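Engineer: Pasting start.csv here (CSV, C-alpha atoms):
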```csv
chain,number,residue,atom,x,y,z
P,1,MET,CA,9.5,-24.9,-0.5
P,2,THR,CA,7.6,-21.6,-0.3
P,3,ALA,CA,4.2,-20.8,-1.7
P,4,ALA,CA,4.1,-19.3,-5.2
P,5,ALA,CA,1.6,-16.6,-6.0
P,6,PRO,CA,-1.3,-17.9,-8.1
P,7,PRO,CA,-2.1,-16.2,-11.4
P,8,ASP,CA,-3.9,-12.9,-10.9
P,9,PRO,CA,-7.5,-13.2,-12.1
P,10,HIS,CA,-7.9,-9.5,-12.3
P,11,THR,CA,-5.2,-8.4,-14.7
P,12,ARG,CA,-7.6,-5.6,-15.8
P,13,ARG,CA,-6.9,-3.9,-12.5
P,14,HIS,CA,-3.5,-2.8,-13.7
P,15,LEU,CA,-3.6,0.9,-14.7
P,16,THR,CA,-1.4,2.7,-17.1
P,17,TRP,CA,-0.6,6.1,-15.7
P,18,ASP,CA,2.4,7.6,-17.5
P,19,GLY,CA,5.3,8.2,-15.1
P,20,CYS,CA,4.2,5.5,-12.6
P,21,PHE,CA,5.0,1.8,-12.8
P,22,ASN,CA,3.0,0.0,-10.1
P,23,VAL,CA,-0.6,1.2,-10.2
P,24,ARG,CA,-3.7,-1.0,-9.9
P,25,ASP,CA,-7.3,-0.6,-8.8
P,26,LEU,CA,-8.4,-2.8,-5.9
P,27,GLY,CA,-11.8,-3.3,-7.4
P,28,GLY,CA,-12.8,-7.0,-8.0
P,29,LEU,CA,-11.0,-8.4,-5.0
P,30,GLY,CA,-13.6,-9.6,-2.5
P,31,HIS,CA,-16.5,-7.1,-2.6
P,32,HIS,CA,-14.2,-4.1,-3.4
P,33,ALA,CA,-15.8,-1.7,-5.9
P,34,PRO,CA,-13.8,-0.7,-9.0
P,35,GLY,CA,-12.7,2.9,-8.8
P,36,ALA,CA,-13.0,3.3,-5.0
P,37,PHE,CA,-9.4,2.9,-4.1
P,38,VAL,CA,-6.2,2.7,-6.3
P,39,ARG,CA,-2.8,1.7,-5.0
P,40,ALA,CA,0.2,3.4,-6.6
P,41,ASP,CA,3.9,4.2,-6.5
P,42,SER,CA,4.9,7.8,-6.1
P,43,VAL,CA,2.5,10.0,-8.1
P,44,GLU,CA,4.9,12.9,-8.2
P,45,LYS,CA,6.5,11.2,-11.2
P,46,LEU,CA,3.3,11.4,-13.2
P,47,THR,CA,3.4,13.3,-16.5
P,48,ALA,CA,0.5,15.5,-17.5
P,49,ALA,CA,-0.9,12.5,-19.4
P,50,GLY,CA,-0.5,10.4,-16.3
P,51,TRP,CA,-2.5,12.9,-14.2
P,52,ALA,CA,-5.1,13.0,-16.9
P,53,ALA,CA,-5.5,9.3,-16.7
P,54,ALA,CA,-5.8,9.3,-12.9
P,55,HIS,CA,-8.4,12.0,-13.1
P,56,ALA,CA,-10.3,10.2,-15.9
P,57,HIS,CA,-10.3,7.1,-13.6
P,58,GLY,CA,-12.2,9.1,-11.1
P,59,VAL,CA,-9.4,9.9,-8.6
P,60,ARG,CA,-10.3,13.0,-6.6
P,61,THR,CA,-8.1,12.5,-3.6
P,62,VAL,CA,-4.4,11.4,-3.3
P,63,LEU,CA,-3.2,10.1,0.0
P,64,ASP,CA,0.6,10.4,0.3
P,65,LEU,CA,2.0,8.0,2.9
P,66,ARG,CA,5.6,9.1,2.6
P,67,ASN,CA,7.8,11.0,5.1
P,68,ASP,CA,8.5,14.6,4.5
P,69,ASP,CA,12.1,14.0,3.4
P,70,GLU,CA,11.0,11.6,0.6
P,71,ARG,CA,9.0,14.2,-1.2
P,72,GLY,CA,10.3,16.0,-4.2
P,73,THR,CA,8.9,18.2,-7.0
P,74,ASP,CA,6.0,17.1,-9.2
P,75,ALA,CA,7.0,16.3,-12.8
P,76,ALA,CA,3.7,17.9,-13.9
P,77,PRO,CA,1.0,20.0,-12.2
P,78,ARG,CA,-1.8,18.1,-10.4
P,79,PRO,CA,-5.1,18.7,-12.0
P,80,ASP,CA,-7.7,21.0,-10.5
P,81,GLY,CA,-10.2,18.8,-8.6
P,82,ILE,CA,-7.6,16.4,-7.1
P,83,THR,CA,-6.9,17.1,-3.4
P,84,THR,CA,-3.7,15.8,-1.8
P,85,VAL,CA,-3.6,14.6,1.8
P,86,ARG,CA,-0.2,13.9,3.3
P,87,LEU,CA,-0.1,11.5,6.2
P,88,PRO,CA,3.2,9.7,6.9
P,89,LEU,CA,2.5,6.1,7.9
P,90,ASP,CA,5.7,4.4,9.0
P,91,GLY,CA,6.8,6.3,12.1
P,92,ILE,CA,10.4,6.2,10.9
P,93,GLU,CA,11.5,8.4,13.8
P,94,ASP,CA,11.0,5.4,16.1
P,95,THR,CA,14.5,4.1,15.5
P,96,ALA,CA,14.3,1.5,18.3
P,97,PHE,CA,11.5,-0.2,16.3
P,98,TRP,CA,12.9,0.2,12.8
P,99,GLU,CA,16.7,-0.5,13.3
P,100,PRO,CA,16.4,-4.3,13.4
P,101,TRP,CA,14.3,-4.4,10.3
P,102,PHE,CA,16.7,-2.2,8.4
P,103,THR,CA,19.6,-4.3,9.4
P,104,ASP,CA,18.6,-7.4,7.4
P,105,TRP,CA,16.4,-5.6,4.7
P,106,CYS,CA,13.2,-7.1,6.0
P,107,TRP,CA,11.7,-3.6,6.2
P,108,GLY,CA,10.7,-3.9,2.6
P,109,THR,CA,8.8,-7.2,3.1
P,110,PRO,CA,5.7,-8.4,4.9
P,111,LEU,CA,8.0,-9.9,7.5
P,112,HIS,CA,7.7,-6.6,9.4
P,113,TYR,CA,3.9,-6.2,8.9
P,114,ARG,CA,2.6,-7.9,12.1
P,115,PRO,CA,5.1,-6.2,14.4
P,116,PHE,CA,4.3,-2.9,12.7
P,117,LEU,CA,0.6,-3.4,13.1
P,118,ASP,CA,1.1,-4.2,16.8
P,119,HIS,CA,3.4,-1.3,17.4
P,120,PHE,CA,1.7,1.5,15.5
P,121,PRO,CA,-2.1,1.1,15.8
P,122,GLU,CA,-2.6,4.8,16.1
P,123,ARG,CA,-0.9,5.4,12.7
P,124,VAL,CA,-3.0,2.8,11.0
P,125,ALA,CA,-6.1,4.3,12.7
P,126,ALA,CA,-5.3,7.8,11.5
P,127,THR,CA,-4.8,6.5,7.9
P,128,ALA,CA,-8.2,4.7,8.1
P,129,GLU,CA,-9.9,7.9,9.3
P,130,ALA,CA,-8.3,10.0,6.5
P,131,LEU,CA,-9.5,7.5,3.9
P,132,ALA,CA,-13.0,7.4,5.3
P,133,ALA,CA,-13.2,11.2,5.4
P,134,ALA,CA,-11.9,11.8,1.9
P,135,ALA,CA,-14.0,13.9,-0.5
P,136,PRO,CA,-16.4,12.0,-2.8
P,137,GLY,CA,-14.7,10.2,-5.7
P,138,GLY,CA,-11.8,7.7,-6.0
P,139,VAL,CA,-8.8,7.7,-3.7
P,140,ALA,CA,-5.3,6.9,-4.9
P,141,PHE,CA,-2.9,6.1,-2.0
P,142,HIS,CA,0.8,5.7,-2.4
P,143,CYS,CA,4.2,5.6,-0.9
P,144,ALA,CA,7.5,5.5,-2.8
P,145,ALA,CA,7.4,2.1,-4.5
P,146,GLY,CA,3.7,1.4,-4.1
P,147,ARG,CA,4.4,-1.9,-2.3
P,148,ASP,CA,4.9,-1.9,1.5
P,149,ARG,CA,3.3,1.1,3.1
P,150,THR,CA,0.8,1.0,0.3
P,151,GLY,CA,0.5,-2.8,0.9
P,152,LEU,CA,-0.4,-2.3,4.5
P,153,VAL,CA,-3.2,0.1,3.5
P,154,SER,CA,-4.3,-2.4,0.8
P,155,LEU,CA,-4.4,-5.1,3.4
P,156,LEU,CA,-6.7,-3.0,5.6
P,157,LEU,CA,-9.1,-2.0,2.7
P,158,LEU,CA,-9.3,-5.5,1.2
P,159,SER,CA,-9.9,-7.1,4.6
P,160,LEU,CA,-12.8,-4.7,5.1
P,161,ALA,CA,-14.1,-5.5,1.7
P,162,GLY,CA,-14.1,-9.3,2.3
P,163,ALA,CA,-11.2,-10.3,0.1
P,164,THR,CA,-9.7,-13.7,0.9
P,165,PRO,CA,-6.2,-14.0,2.3
P,166,GLU,CA,-5.2,-15.6,-1.0
P,167,GLU,CA,-6.5,-12.6,-2.9
P,168,ILE,CA,-4.7,-10.1,-0.6
P,169,ALA,CA,-1.4,-12.0,-0.9
P,170,ALA,CA,-1.7,-12.4,-4.7
P,171,ASP,CA,-2.3,-8.6,-5.0
P,172,TYR,CA,0.8,-7.9,-2.9
P,173,ALA,CA,2.9,-10.3,-5.0
P,174,LEU,CA,2.0,-8.5,-8.2
P,175,SER,CA,4.3,-5.6,-7.2
P,176,GLU,CA,7.5,-7.7,-7.3
P,177,ALA,CA,7.7,-7.8,-11.1
P,178,ARG,CA,7.4,-4.0,-11.2
P,179,MET,CA,10.1,-3.2,-8.6
P,180,THR,CA,13.0,-3.0,-11.1
P,181,PRO,CA,11.6,0.0,-13.1
P,182,VAL,CA,10.2,1.6,-9.9
P,183,PHE,CA,13.6,1.5,-8.1
P,184,THR,CA,15.4,2.6,-11.2
P,185,ALA,CA,13.2,5.6,-11.4
P,186,LEU,CA,13.9,6.3,-7.7
P,187,GLY,CA,17.6,6.0,-8.2
P,188,ARG,CA,17.8,2.9,-6.0
P,189,ALA,CA,18.2,0.2,-8.6
P,190,GLU,CA,20.1,-2.1,-6.2
P,191,GLU,CA,17.2,-2.5,-3.8
P,192,ALA,CA,15.4,-5.1,-5.9
P,193,ALA,CA,18.3,-7.5,-5.6
P,194,ARG,CA,18.7,-6.8,-1.9
P,195,LEU,CA,15.1,-7.6,-1.2
P,196,ALA,CA,15.2,-10.7,-3.2
P,197,ALA,CA,18.2,-11.8,-1.1
P,198,ALA,CA,16.3,-11.1,2.1
P,199,TYR,CA,13.5,-13.4,0.9
P,200,ARG,CA,16.0,-16.1,0.1
P,201,SER,CA,17.7,-15.8,3.5
P,202,HIS,CA,14.3,-16.4,5.2
P,203,ALA,CA,13.3,-19.2,2.8
P,204,THR,CA,10.1,-17.4,1.8
P,205,SER,CA,8.4,-15.3,-0.9
P,206,PRO,CA,6.3,-12.1,-1.1
P,207,TYR,CA,3.2,-14.2,-1.6
P,208,ALA,CA,3.9,-16.6,1.3
P,209,GLU,CA,4.7,-13.9,3.8
P,210,MET,CA,1.7,-11.8,2.9
P,211,LEU,CA,-0.5,-14.8,3.1
P,212,LYS,CA,0.6,-15.4,6.7
P,213,VAL,CA,-0.2,-11.9,7.6
P,214,ALA,CA,-3.6,-11.8,5.9
P,215,ARG,CA,-4.7,-15.0,7.5
P,216,ARG,CA,-4.3,-13.5,10.9
P,217,PHE,CA,-5.7,-10.0,10.1
P,218,ASP,CA,-9.3,-8.8,10.6
P,219,GLY,CA,-9.5,-5.2,9.5
P,220,ALA,CA,-12.7,-4.3,11.4
P,221,ALA,CA,-11.5,-5.9,14.6
P,222,TYR,CA,-8.1,-4.3,14.3
P,223,LEU,CA,-9.5,-0.8,13.8
P,224,ALA,CA,-12.0,-1.2,16.7
P,225,ALA,CA,-9.1,-2.2,19.0
P,226,ALA,CA,-7.2,0.8,17.8
P,227,GLY,CA,-10.0,3.1,18.9
P,228,VAL,CA,-11.6,3.9,15.5
P,229,PRO,CA,-15.3,4.5,16.0
P,230,GLY,CA,-17.6,1.9,14.5
P,231,THR,CA,-19.3,4.6,12.3
P,232,THR,CA,-15.9,5.4,10.7
P,233,VAL,CA,-15.2,1.7,10.1
P,234,ALA,CA,-18.6,1.3,8.6
P,235,ALA,CA,-18.1,4.4,6.4
P,236,LEU,CA,-14.7,3.1,5.2
P,237,ARG,CA,-16.2,-0.4,4.4
P,238,ALA,CA,-19.1,1.3,2.5
P,239,ARG,CA,-16.7,3.4,0.5
P,240,ALA,CA,-14.5,0.4,-0.4
P,241,THR,CA,-17.5,-1.7,-1.4
P,242,GLY,CA,-19.4,1.0,-3.2
P,243,GLN,CA,-22.4,0.8,-0.8
P,244,PRO,CA,-24.4,3.9,0.3
P,245,ARG,CA,-23.3,5.4,3.6
P,246,GLY,CA,-25.6,5.6,6.5
```
Using structure tokens, write down the structure that the file contains.
Structural biologist:
Amino acid sequence: MTAAAPPDPHTRRHLTWDGCFNVRDLGGLGHHAPGAFVRADSVEKLTAAGWAAAHAHGVRTVLDLRNDDERGTDAAPRPDGITTVRLPLDGIEDTAFWEPWFTDWCWGTPLHYRPFLDHFPERVAATAEALAAAAPGGVAFHCAAGRDRTGLVSLLLLSLAGATPEEIAADYALSEARMTPVFTALGRAEEAARLAAAYRSHATSPYAEMLKVARRFDGAAYLAAAGVPGTTVAALRARATGQPRG
């Protein structure tokens, strides 16, 4: 019997940005401040109304975690005042690492998170440094579906903000109900069923697997071991929690 995700106590965190399906503010989890960081699926699908909603929410930087070959054309122009930073996270060119995870579809689950964190600390470090250095204002970070690369960054930010493993796992699990429309919009409707089958084959669930990862993860210690300066870690924590820097 696998652990089921508890009800989300922060349903207000879900955001309605027209064109996206899996958007939520991390504020309210641990000491994370509302408006500091927003997780999302691919924002290039946003309509003009969707971009207006993102801007009104305070977003001033978008961090795109996707690879170059995943990027397409924006459905609507990005507003003036929003800067886009592109920093691929997953190191997909490292085929020796990724091939086993693609074989049984575990790449789209937290089953690969700990091996990824151990194998690619420099990529996580670069992402943390980019988040800490972003211009003032809110930061929206996204991959394609807003679940796994985005989930890794959420794990880091929520750990730094003092969220519990249960909060982190519950936040991750919220994405599952939104995968059908996300994958349909991406033209990959079959993936939701394939990932559900992968969880069944491992007798687990999104919540249970993310809980295992979160219980063994300390964001500050991980970044320090990855060579991120303490001042940068402190700046990122301050940004996540809404505390003054310095």
Engineer: Looking at all atoms listed in the file, which of P:Leu186, P:Ala33, P:Ala224, P:Ala161 is the one that sits closest to Gly19 of chain P?
Structural biologist: P:Leu186
Engineer: Smallest atom-to-atom distance to Arg178 of chain P: which of P:Pro229, P:Pro34, P:Gly146, P:Pro110, using all atoms listed in the file?
Structural biologist: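 For Arg178 of chain P, the nearest of the candidates is P:Gly146.
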Engineer: Quick check, in Å to one decimal: how far apart do atom CA of Gly58 of chain P and atom CA of Val38 of chain P lie?
Structural biologist: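 Computing it gives 10.0 Å between the two atoms.
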Engineer: With all atoms listed in the file as the atoms that count, which of P:Trp51, P:Tyr222, P:Phe21, P:Phe116 lies nearest to Pro77 of chain P?
Structural biologist: P:Trp51
Engineer: Which residue gives the smallest distance to Ala145 of chain P among P:Asp218, P:Glu176, P:Asp18, P:Glu190, with all atoms listed in the file counted?
Structural biologist: P:Glu176
Engineer: Would you fill the gaps in segment 41-61 of chain P so it has N, CA, C and O atoms, then print it as an mmCIF file, in the coordinates of the input?
Structural biologist:
```
data_model
loop_
_atom_site.group_PDB
_atom_site.id
_atom_site.type_symbol
_atom_site.label_atom_id
_atom_site.label_comp_id
_atom_site.auth_asym_id
_atom_site.auth_seq_id
_atom_site.Cartn_x
_atom_site.Cartn_y
_atom_site.Cartn_z
ATOM 1 N N ASP P 41 2.588 3.672 -6.924
ATOM 2 C CA ASP P 41 3.900 4.200 -6.500
ATOM 3 C C ASP P 41 3.821 5.708 -6.552
ATOM 4 O O ASP P 41 2.764 6.280 -6.826
ATOM 5 N N SER P 42 4.919 6.379 -6.286
ATOM 6 C CA SER P 42 4.900 7.800 -6.100
ATOM 7 C C SER P 42 4.309 8.581 -7.266
ATOM 8 O O SER P 42 4.877 8.570 -8.366
ATOM 9 N N VAL P 43 3.197 9.266 -7.033
ATOM 10 C CA VAL P 43 2.500 10.000 -8.100
ATOM 11 C C VAL P 43 3.204 11.259 -8.514
ATOM 12 O O VAL P 43 2.820 11.857 -9.523
ATOM 13 N N GLU P 44 4.199 11.692 -7.763
ATOM 14 C CA GLU P 44 4.900 12.900 -8.200
ATOM 15 C C GLU P 44 5.663 12.724 -9.469
ATOM 16 O O GLU P 44 6.071 13.699 -10.101
ATOM 17 N N LYS P 45 5.837 11.471 -9.889
ATOM 18 C CA LYS P 45 6.500 11.200 -11.200
ATOM 19 C C LYS P 45 5.549 11.263 -12.349
ATOM 20 O O LYS P 45 5.970 11.154 -13.495
ATOM 21 N N LEU P 46 4.252 11.410 -12.101
ATOM 22 C CA LEU P 46 3.300 11.400 -13.200
ATOM 23 C C LEU P 46 3.503 12.563 -14.147
ATOM 24 O O LEU P 46 3.741 13.701 -13.739
ATOM 25 N N THR P 47 3.383 12.263 -15.433
ATOM 26 C CA THR P 47 3.400 13.300 -16.500
ATOM 27 C C THR P 47 1.979 13.921 -16.516
ATOM 28 O O THR P 47 1.049 13.459 -15.843
ATOM 29 N N ALA P 48 1.828 14.922 -17.357
ATOM 30 C CA ALA P 48 0.500 15.500 -17.500
ATOM 31 C C ALA P 48 -0.488 14.452 -18.027
ATOM 32 O O ALA P 48 -1.650 14.398 -17.581
ATOM 33 N N ALA P 49 -0.016 13.573 -18.924
ATOM 34 C CA ALA P 49 -0.900 12.500 -19.400
ATOM 35 C C ALA P 49 -1.222 11.525 -18.296
ATOM 36 O O ALA P 49 -2.340 11.002 -18.222
ATOM 37 N N GLY P 50 -0.260 11.261 -17.407
ATOM 38 C CA GLY P 50 -0.500 10.400 -16.300
ATOM 39 C C GLY P 50 -1.554 10.948 -15.335
ATOM 40 O O GLY P 50 -2.459 10.227 -14.875
ATOM 41 N N TRP P 51 -1.448 12.227 -15.031
ATOM 42 C CA TRP P 51 -2.500 12.900 -14.200
ATOM 43 C C TRP P 51 -3.828 12.860 -14.837
ATOM 44 O O TRP P 51 -4.848 12.656 -14.180
ATOM 45 N N ALA P 52 -3.840 13.078 -16.153
ATOM 46 C CA ALA P 52 -5.100 13.000 -16.900
ATOM 47 C C ALA P 52 -5.761 11.671 -16.772
ATOM 48 O O ALA P 52 -6.985 11.552 -16.600
ATOM 49 N N ALA P 53 -4.943 10.617 -16.851
ATOM 50 C CA ALA P 53 -5.500 9.300 -16.700
ATOM 51 C C ALA P 53 -6.008 8.997 -15.336
ATOM 52 O O ALA P 53 -7.054 8.357 -15.161
ATOM 53 N N ALA P 54 -5.307 9.488 -14.310
ATOM 54 C CA ALA P 54 -5.800 9.300 -12.900
ATOM 55 C C ALA P 54 -7.110 10.048 -12.736
ATOM 56 O O ALA P 54 -8.051 9.510 -12.130
ATOM 57 N N HIS P 55 -7.195 11.253 -13.241
ATOM 58 C CA HIS P 55 -8.400 12.000 -13.100
ATOM 59 C C HIS P 55 -9.572 11.346 -13.867
ATOM 60 O O HIS P 55 -10.698 11.237 -13.367
ATOM 61 N N ALA P 56 -9.271 10.842 -15.063
ATOM 62 C CA ALA P 56 -10.300 10.200 -15.900
ATOM 63 C C ALA P 56 -10.768 8.876 -15.176
ATOM 64 O O ALA P 56 -11.912 8.448 -15.370
ATOM 65 N N HIS P 57 -9.907 8.265 -14.370
ATOM 66 C CA HIS P 57 -10.300 7.100 -13.600
ATOM 67 C C HIS P 57 -11.189 7.379 -12.445
ATOM 68 O O HIS P 57 -11.714 6.462 -11.800
ATOM 69 N N GLY P 58 -11.361 8.648 -12.154
ATOM 70 C CA GLY P 58 -12.200 9.100 -11.100
ATOM 71 C C GLY P 58 -11.522 9.465 -9.792
ATOM 72 O O GLY P 58 -12.174 9.755 -8.777
ATOM 73 N N VAL P 59 -10.185 9.498 -9.808
ATOM 74 C CA VAL P 59 -9.400 9.900 -8.600
ATOM 75 C C VAL P 59 -9.673 11.346 -8.288
ATOM 76 O O VAL P 59 -9.487 12.216 -9.143
ATOM 77 N N ARG P 60 -10.088 11.612 -7.059
ATOM 78 C CA ARG P 60 -10.300 13.000 -6.600
ATOM 79 C C ARG P 60 -9.488 13.299 -5.345
ATOM 80 O O ARG P 60 -9.396 14.459 -4.934
ATOM 81 N N THR P 61 -8.929 12.270 -4.724
ATOM 82 C CA THR P 61 -8.100 12.500 -3.600
ATOM 83 C C THR P 61 -6.829 11.602 -3.705
ATOM 84 O O THR P 61 -6.922 10.441 -4.117
#
```
